[in-house]
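Trainee: This is the structure, below, for whatever I ask next.
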Amino acid sequence: MSLSSSLFGFVLCLKQHYPLIFRMIKREVIGRYRGSFFGLLWSFITPIIMLTIYTFVFSFVFKARWGVGNSDPYEFAVMLFSGLIVFNLFAESITRAPALILSNVNYVKKVIFPLEILPWVSLGSAVFHAAISFLVLFLFLAVLGHAFTLSMLWLPIVLLPFLFLIMGLSWFLASLGVFVRDIGQVIGMLMTVLMFMCPIFYPLSALPEGIGQYLYLNPLTLIVDQVRTVLITAGQPDWLNLGYYSLISLFCAWSGWFWFSKTRRGFADVL
């Protein structure tokens, strides 16, 4: 069985090309800040500034509270920031996906290069910045005196199926972007819709009864909710729904991988 038709070919691809993927992620992360005065330190400074702004604006200016009867002035900022970390992880990879092949034409025409690793590189860069943001969140929770619990250790398990979903969509969009150039514009608008149709800026309990369940059609909703559960409210993950989500994510990853493998033969003709 070939790598392209293998059920877990997308995982074997990661294992086979890991050294190259790691080098390209490192180059991309460093290259983003090359020439700036603070360099890579900006990846740490930026989330600190954003969390400080969220805390000031929402907690002290708007006096927003997360849920009815909540008196904690900092919880809204913490909930908002944790939700935005998940969204930014998704959005950074998905919005870049349609242009991954278009921006690397030389890899298609001039050299023998494993094009299928480009979404892995994009995801790796997004994961790096998400990890820094989570570190900032942990430091902020520590300053607030928030207790660190064992439930926080479930964070990688909660995020893992989310990463597979992102990869599947990235492979599909990277291929589609070669043949349909307008897809990038559509994805930009779709990201805005997904952000507001997800409980990032509001709790699900704020919605009328019976409407909140439809937000779970948004692939971000469950993960945002579960990240908050394990990090902030010290609860256990919803294993049943995460199990369903994992099956869908694996199918999406395989489908995206299969689509990319079958359509890549036409990239050179189009480009």
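Identifiers for the structure tokens are assigned positionally: chains receive A, B, ... in sequence, residues are indexed from 1 per chain, and ligands are indexed from 1 in the order shown.
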Looking only at helix (DSSP H, G or I) from DSSP on the backbone, list the matching residues of segment 115-239 of chain A as a count of residues only.

Mentor: 94

Trainee: Using 7 Å as the limit and counting only C-alpha atoms, can you tabulate each residue of segment 80-137 of chain A that touches segment 206-229 of chain A, with its shortest atom-to-atom distance in Å and the two atoms involved, as CSV?

Mentor:
```
residue,atom,partner,partner_atom,distance
A:Ser82,CA,A:Arg228,CA,6.8
A:Gly83,CA,A:Val224,CA,5.4
A:Val86,CA,A:Val224,CA,6.3
```

Trainee: Any chance you could tabulate, as CSV, the residues of segment 76-161 of chain A at most 8 Å from segment 235-250 of chain A with each one's nearest atom pair and distance in Å to one decimal, using only C-alpha atoms, in chain and rising number order?

Mentor:
```
residue,atom,partner,partner_atom,distance
A:Ser151,CA,A:Gln236,CA,6.3
A:Trp154,CA,A:Pro237,CA,7.5
A:Val158,CA,A:Pro237,CA,7.4
A:Pro161,CA,A:Ser246,CA,4.9
```

Trainee: What's around Leu123 of chain A at 9 Å? Count only C-alpha atoms, leave out sequence neighbours fewer than 6 positions away in its own chain, and write the answer as a ChimeraX atom specification.

Mentor: /A:25,89-90,92-94,163,166-167,170

Trainee: May I have the residues within 12 Å of Thr95 of chain A as a ChimeraX atom specification, using only C-alpha atoms and disregarding those fewer than 4 positions away in the same chain?

Mentor: /A:87-91,99-100,119,122-123,126,166,169-170,173-174,177,183-192

Trainee: Given the choices A:Leu165, A:Leu176, A:Leu118, A:Leu12, which gets closest to Cys252 of chain A if the distance is worked out from only C-alpha atoms?

Mentor: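 Smallest distance to Cys252 of chain A is found for A:Leu165.
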
Trainee: Give me, as a list of chain:residue names, all polymer residues having an atom no more than 12 Å from Leu135 of chain A, counting only C-alpha atoms and skipping those fewer than 3 positions away in the same chain.

Mentor: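 Residues meeting the cut-off are A:Ser43, A:Phe44, A:Ile45, A:Pro47, A:Ile48, A:Leu51, A:Phe81, A:Ser82, A:Ile85, A:Phe128, A:His129, A:Ala130, A:Ala131, A:Ile132, A:Phe138, A:Leu139, A:Phe140, A:Leu141, A:Ala142, A:Leu231.
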
Trainee: So how far away is atom CA of Cys13 of chain A from atom CA of Ile101 of chain A, in Å?

Mentor: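 Interatomic distance, atom CA of Ile101 of chain A to atom CA of Cys13 of chain A: 17.3 Å.
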
Trainee: Report, in Å with one decimal, the straight-line distance from atom CA of Gly39 of chain A to atom CA of Ile21 of chain A.

Mentor: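 Interatomic distance here is 21.7 Å.
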
Trainee: May I ask for the distance between atom CA of Leu204 of chain A and atom CA of Ser59 of chain A, given in Å to one decimal place?

Mentor: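 For atom CA of Leu204 of chain A relative to atom CA of Ser59 of chain A, the distance reads 19.2 Å.
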
Trainee: Please provide the set of residues having any atom within 9 Å of Tyr202 of chain A, restricted to only C-alpha atoms, with same-chain residues fewer than 6 positions apart removed, written as JSON, numbers by chain.

Mentor: {"A": [66, 67, 76, 79, 80]}

Trainee: Which residue gives the smallest distance to Ile30 of chain A among A:Ser103, A:Gln16, A:Ser125, A:Thr52, with only C-alpha atoms counted?

Mentor: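 Distance minimum relative to Ile30 of chain A lands on A:Ser125.
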
Trainee: With only C-alpha atoms as the atoms that count, which of A:Met24, A:Met50, A:Ala64, A:Leu155 lies nearest to Trp120 of chain A?

Mentor: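 Under the stated criterion, the closest residue is A:Met24.
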